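Encoded as structure tokens, the structure appears first; notes follow it.
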Number of protein chains: 2
Amino acid sequence: MAGGTSLGAWTSCAADPGYRAAVLDLLGALAYGELSAFERLAEDAKLAPGLPDKAALARMASAEFQHYQLLHDRLAEVGADPTEVMTPFVEPLESFHRMTAPSDWLEGLVKAYVGDAIATDFYREVAVRLDDDTRELVLRVMSDTGHAQFAVDRLRQAIKEDPRVGGRLALWGRRLMGEALSQAQRVVAERDALSNLLVGGAQVQGFDLVEVGKMFNRITEAHTKRMAVLGLAS
Amino acid sequence: MAGGTSLGAWTSCAADPGYRAAVLDLLGALAYGELSAFERLAEDAKLAPGLPDKAALARMASAEFQHYQLLHDRLAEVGADPTEVMTPFVEPLESFHRMTAPSDWLEGLVKAYVGDAIATDFYREVAVRLDDDTRELVLRVMSDTGHAQFAVDRLRQAIKEDPRVGGRLALWGRRLMGEALSQAQRVVAERDALSNLLVGGAQVQGFDLVEVGKMFNRITEAHTKRMAVLGLAS
């Protein structure tokens, strides 16, 4: 954490009930996110045009599950019930997936790429506000699982072969970002402890919508740049 | 391999082109079987009645994928193209899964339990006819992934709570075994090298339908016993 100030270890930070609640929310959201990513990638594997691509998606799904396991074990270690902690995030994530079910292999790839990147941006924003132990875990489970390069390679090839798919996928990327923001706003509105952590860390008690908005803007800008890398206007 | 005669290492056995072809067939069938098991378990995870069961299925799917990876790497190591070697088994396995799509969580559990057990029986029958290196790999990837106990616990509980489901699941178990035998017969009829290996090992060149039939009978008997353990007449 270059230039940041360490909050110290989990054991000292968690003495503050607000901080503890916020971190459990965060780990619960992340854990269900990984389990959900496992399911989506396994689902997308069925759309794969051949066995090597199918196996590549299954490999990524498996990596997401290993991350889920780390988060699950950490939740149990700090005395939380993993199921209870994940439950508030089931409905927002399932809504997102219901609204953005890919209709083909390429849409699935864009979704895996964009979804993974948005999640990584979000958790990197949050990581600087965490105690050392939690931050280390979050950065570990957000480490690159190889999705991005795989998706970029396949998508560039597909757009090169038929430039018309670029227009369709650009629209799709916008829709994904819109739905992600919509569900994220919903979570922020409903989870006070988590929202406080997002905008100011353990010290800040007032909830600042402007700060949350700025964070979402930074994530949206990063999304725009990533879509441009693919040759897609967002 | 208690009491058996070792065929020696892969490198010496594989000098016989018939033996090499048979083992590549076997590893190809096993590899696609694992990839396919990954997909089915991930699919069944969606039917799970709660997060802990969903995570348990995802864990098993992940374990199947690790097994797939071992087989894939072994195929590449002996100079085979994993995709080419798996391809003949895609259609029989997909046919099996199409004909036996579970309509609910309990049917999915019976299928995972029965399917896993039939596969294990089959590969244990074959293992004694293999060179040392291949046998070690086959036994390793067929090692218990925890499916069986998980499924038995859940199924016994469900039958205890509502004995009527026992009748429905007994019928389902019969259908699964019937479809499995039907697809296995098809593979045996189409893959000569593999069939020779199944009935007599590398030494036997004549294809003996009676021996194959006996093997299928042994596997069916084991299935009957397993269904009885669940309290299901087969």
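Ordering of the structure tokens sets the chain letters (A, B, ...), residue numbers begin anew at 1 in every chain, and ligands are numbered from 1 in the order given.
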Run DSSP on the backbone of this structure and report the residues of range 61-177 of chain B it assigns to alpha helix (DSSP H), as a ChimeraX atom specification.
/B:61-77,82-86,90-99,105-127,132-141,147-161,164-177
Find the residues around Gly173 in chain B up to 8 Å (only C-alpha atoms counted), leave out those fewer than 4 positions away in its own chain, and share them as a list of chain:residue names.
B:Val110, B:Lys111, B:Val114, B:Leu169, B:Met177, B:Met227, B:Ser234
Could you list, as a list of chain:residue names, every residue within 8 Å of Ala45 in chain A, counting only C-alpha atoms and ignoring same-chain residues fewer than 5 positions away?
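Listed by chain and then number, they are A:Asp53, A:Lys54, A:Ala55, A:Leu57, A:Ala58, B:Glu39.
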Just-selected residues, C-alpha atoms written as a compact mmCIF listing (two decimals), in the first residue's frame:
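So the final result, stored in part01.txt, reads:
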```
# COMPACT_ATOMS: atom_id res chain seq x y z
CA ASP A 53 -12.03 -23.27 -24.77
CA LYS A 54 -14.42 -25.31 -22.63
CA ALA A 55 -11.49 -26.53 -20.53
CA LEU A 57 -13.41 -21.73 -18.82
CA ALA A 58 -13.63 -24.70 -16.46
CA GLU B 39 -20.13 -29.35 -15.95
```
I'd like the contact shell of Ser95 in chain A - 10 Å cut-off, only C-alpha atoms, skipping same-chain residues fewer than 6 positions apart - returned as a PyMOL selection string.
chain A and resi 179-180+183
Write the residues you've just listed into a file as a CSV table (one decimal), in the first residue's frame, and include N, CA and C atoms for each of them.
```csv
chain,number,residue,atom,x,y,z
A,179,GLU,N,-26.0,-2.2,-15.5
A,179,GLU,CA,-26.6,-3.1,-14.5
A,179,GLU,C,-25.7,-3.2,-13.3
A,180,ALA,N,-24.4,-3.3,-13.5
A,180,ALA,CA,-23.5,-3.4,-12.3
A,180,ALA,C,-23.6,-2.2,-11.4
A,183,GLN,N,-26.9,-2.4,-9.4
A,183,GLN,CA,-26.9,-3.3,-8.3
A,183,GLN,C,-26.0,-2.8,-7.2
```
Taking only C-alpha atoms into account, which residues of chain B are within 12 Å of chain A, as a ChimeraX atom specification?
/B:28,31-32,34-47,50-69,72,81-90,94
List as a list of chain:residue names the protein and nucleic acid residues near range 132-144 of chain A, meaning an atom at most 8 Å away when only C-alpha atoms are counted, but skip any in the same chain fewer than 4 places from it.
A:Ser6, A:Leu7, A:Gly8, A:Ala9, A:Trp10, A:Val23, A:His67, A:Leu70, A:Leu71, A:Thr120, A:Tyr123, A:Arg124, A:Ala127, A:Val128, A:Ala148
Atoms kept (all heavy atoms) for selection, written as an mmCIF file, in the first residue's frame:
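Output below, filename selection32.cif:
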```cif
data_model
loop_
_atom_site.group_PDB
_atom_site.id
_atom_site.type_symbol
_atom_site.label_atom_id
_atom_site.label_comp_id
_atom_site.auth_asym_id
_atom_site.auth_seq_id
_atom_site.Cartn_x
_atom_site.Cartn_y
_atom_site.Cartn_z
ATOM 1 N N SER A 6 -1.030 2.255 7.517
ATOM 2 C CA SER A 6 -1.549 0.959 7.930
ATOM 3 C C SER A 6 -2.513 1.126 9.111
ATOM 4 O O SER A 6 -2.257 1.896 10.030
ATOM 5 C CB SER A 6 -0.394 0.045 8.335
ATOM 6 O OG SER A 6 -0.917 -1.133 8.900
ATOM 7 N N LEU A 7 -3.621 0.432 9.030
ATOM 8 C CA LEU A 7 -4.593 0.444 10.133
ATOM 9 C C LEU A 7 -4.182 -0.537 11.217
ATOM 10 O O LEU A 7 -4.771 -0.563 12.286
ATOM 11 C CB LEU A 7 -5.974 0.012 9.644
ATOM 12 C CG LEU A 7 -6.739 0.921 8.670
ATOM 13 C CD1 LEU A 7 -8.101 0.306 8.373
ATOM 14 C CD2 LEU A 7 -6.918 2.303 9.272
ATOM 15 N N GLY A 8 -3.202 -1.399 10.909
ATOM 16 C CA GLY A 8 -2.799 -2.422 11.859
ATOM 17 C C GLY A 8 -3.450 -3.749 11.545
ATOM 18 O O GLY A 8 -4.009 -3.945 10.460
ATOM 19 N N ALA A 9 -3.365 -4.652 12.500
ATOM 20 C CA ALA A 9 -3.851 -6.014 12.286
ATOM 21 C C ALA A 9 -5.360 -6.098 12.514
ATOM 22 O O ALA A 9 -5.965 -5.212 13.125
ATOM 23 C CB ALA A 9 -3.126 -6.976 13.224
ATOM 24 N N TRP A 10 -5.967 -7.185 11.992
ATOM 25 C CA TRP A 10 -7.391 -7.432 12.153
ATOM 26 C C TRP A 10 -7.802 -7.427 13.618
ATOM 27 O O TRP A 10 -8.795 -6.794 13.992
ATOM 28 C CB TRP A 10 -7.753 -8.766 11.499
ATOM 29 C CG TRP A 10 -9.062 -9.349 11.952
ATOM 30 C CD1 TRP A 10 -9.222 -10.388 12.827
ATOM 31 C CD2 TRP A 10 -10.379 -8.932 11.560
ATOM 32 N NE1 TRP A 10 -10.563 -10.646 12.997
ATOM 33 C CE2 TRP A 10 -11.298 -9.757 12.235
ATOM 34 C CE3 TRP A 10 -10.856 -7.934 10.718
ATOM 35 C CZ2 TRP A 10 -12.666 -9.628 12.085
ATOM 36 C CZ3 TRP A 10 -12.239 -7.802 10.560
ATOM 37 C CH2 TRP A 10 -13.122 -8.640 11.247
ATOM 38 N N VAL A 23 -16.300 -5.270 7.479
ATOM 39 C CA VAL A 23 -15.406 -6.252 6.847
ATOM 40 C C VAL A 23 -16.143 -7.565 6.599
ATOM 41 O O VAL A 23 -15.965 -8.197 5.555
ATOM 42 C CB VAL A 23 -14.125 -6.462 7.684
ATOM 43 C CG1 VAL A 23 -13.351 -7.674 7.194
ATOM 44 C CG2 VAL A 23 -13.248 -5.212 7.598
ATOM 45 N N HIS A 67 -10.735 -19.468 -4.621
ATOM 46 C CA HIS A 67 -10.812 -18.169 -3.934
ATOM 47 C C HIS A 67 -11.979 -18.141 -2.951
ATOM 48 O O HIS A 67 -11.861 -17.630 -1.845
ATOM 49 C CB HIS A 67 -10.976 -17.035 -4.963
ATOM 50 C CG HIS A 67 -9.757 -16.812 -5.785
ATOM 51 N ND1 HIS A 67 -9.751 -16.065 -6.935
ATOM 52 C CD2 HIS A 67 -8.474 -17.242 -5.601
ATOM 53 C CE1 HIS A 67 -8.524 -16.039 -7.429
ATOM 54 N NE2 HIS A 67 -7.743 -16.748 -6.653
ATOM 55 N N LEU A 70 -10.996 -19.857 0.242
ATOM 56 C CA LEU A 70 -10.151 -19.033 1.127
ATOM 57 C C LEU A 70 -11.008 -18.063 1.943
ATOM 58 O O LEU A 70 -10.795 -17.884 3.147
ATOM 59 C CB LEU A 70 -9.143 -18.224 0.300
ATOM 60 C CG LEU A 70 -7.969 -18.986 -0.324
ATOM 61 C CD1 LEU A 70 -7.180 -18.056 -1.249
ATOM 62 C CD2 LEU A 70 -7.048 -19.529 0.780
ATOM 63 N N LEU A 71 -11.975 -17.431 1.269
ATOM 64 C CA LEU A 71 -12.833 -16.450 1.946
ATOM 65 C C LEU A 71 -13.730 -17.137 2.965
ATOM 66 O O LEU A 71 -13.927 -16.650 4.084
ATOM 67 C CB LEU A 71 -13.665 -15.698 0.903
ATOM 68 C CG LEU A 71 -12.831 -14.774 0.010
ATOM 69 C CD1 LEU A 71 -13.553 -14.487 -1.298
ATOM 70 C CD2 LEU A 71 -12.512 -13.469 0.745
ATOM 71 N N THR A 120 -12.362 -6.289 -9.671
ATOM 72 C CA THR A 120 -10.977 -6.029 -9.253
ATOM 73 C C THR A 120 -10.784 -4.552 -8.916
ATOM 74 O O THR A 120 -10.190 -4.217 -7.884
ATOM 75 C CB THR A 120 -9.996 -6.459 -10.362
ATOM 76 O OG1 THR A 120 -10.253 -7.834 -10.664
ATOM 77 C CG2 THR A 120 -8.557 -6.304 -9.922
ATOM 78 N N TYR A 123 -12.463 -3.786 -5.523
ATOM 79 C CA TYR A 123 -11.770 -4.292 -4.341
ATOM 80 C C TYR A 123 -10.420 -3.613 -4.131
ATOM 81 O O TYR A 123 -9.958 -3.464 -3.008
ATOM 82 C CB TYR A 123 -11.668 -5.820 -4.381
ATOM 83 C CG TYR A 123 -13.009 -6.434 -4.073
ATOM 84 C CD1 TYR A 123 -13.834 -6.953 -5.077
ATOM 85 C CD2 TYR A 123 -13.498 -6.441 -2.767
ATOM 86 C CE1 TYR A 123 -15.084 -7.466 -4.791
ATOM 87 C CE2 TYR A 123 -14.750 -6.961 -2.473
ATOM 88 C CZ TYR A 123 -15.541 -7.472 -3.484
ATOM 89 O OH TYR A 123 -16.775 -7.967 -3.180
ATOM 90 N N ARG A 124 -9.791 -3.155 -5.219
ATOM 91 C CA ARG A 124 -8.544 -2.403 -5.046
ATOM 92 C C ARG A 124 -8.819 -1.043 -4.395
ATOM 93 O O ARG A 124 -8.032 -0.561 -3.583
ATOM 94 C CB ARG A 124 -7.840 -2.208 -6.388
ATOM 95 C CG ARG A 124 -7.083 -3.435 -6.819
ATOM 96 C CD ARG A 124 -6.090 -3.139 -7.938
ATOM 97 N NE ARG A 124 -5.871 -4.333 -8.752
ATOM 98 C CZ ARG A 124 -5.209 -5.410 -8.345
ATOM 99 N NH1 ARG A 124 -4.686 -5.455 -7.140
ATOM 100 N NH2 ARG A 124 -5.066 -6.450 -9.137
ATOM 101 N N ALA A 127 -9.360 -1.883 -0.779
ATOM 102 C CA ALA A 127 -8.239 -2.523 -0.072
ATOM 103 C C ALA A 127 -7.454 -1.530 0.786
ATOM 104 O O ALA A 127 -7.014 -1.866 1.889
ATOM 105 C CB ALA A 127 -7.312 -3.215 -1.069
ATOM 106 N N VAL A 128 -7.295 -0.293 0.314
ATOM 107 C CA VAL A 128 -6.496 0.695 1.055
ATOM 108 C C VAL A 128 -7.151 1.086 2.376
ATOM 109 O O VAL A 128 -6.514 1.698 3.223
ATOM 110 C CB VAL A 128 -6.253 1.971 0.209
ATOM 111 C CG1 VAL A 128 -5.397 1.634 -1.011
ATOM 112 C CG2 VAL A 128 -7.554 2.630 -0.207
ATOM 113 N N ALA A 148 -8.668 -12.289 -18.101
ATOM 114 C CA ALA A 148 -8.591 -11.097 -18.921
ATOM 115 C C ALA A 148 -7.905 -11.394 -20.244
ATOM 116 O O ALA A 148 -8.469 -11.154 -21.310
ATOM 117 C CB ALA A 148 -7.849 -10.013 -18.154
#
```
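We find CA of Val152 in chain A and CA of Asp121 in chain A to be spaced 17.5 Å apart.
Of note, CA of Tyr113 in chain B and CA of Ser195 in chain B are spaced 25.6 Å apart.
The two atoms in question, CA of Ala80 in chain A and CA of Ala189 in chain A, are spaced 23.0 Å apart.
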Shortest interatomic distance to Leu194 in chain A - which of A:Ala151, A:Leu171, A:Ala158, A:Val212, counting only C-alpha atoms:
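Closest to Leu194 in chain A of all the choices is A:Val212.
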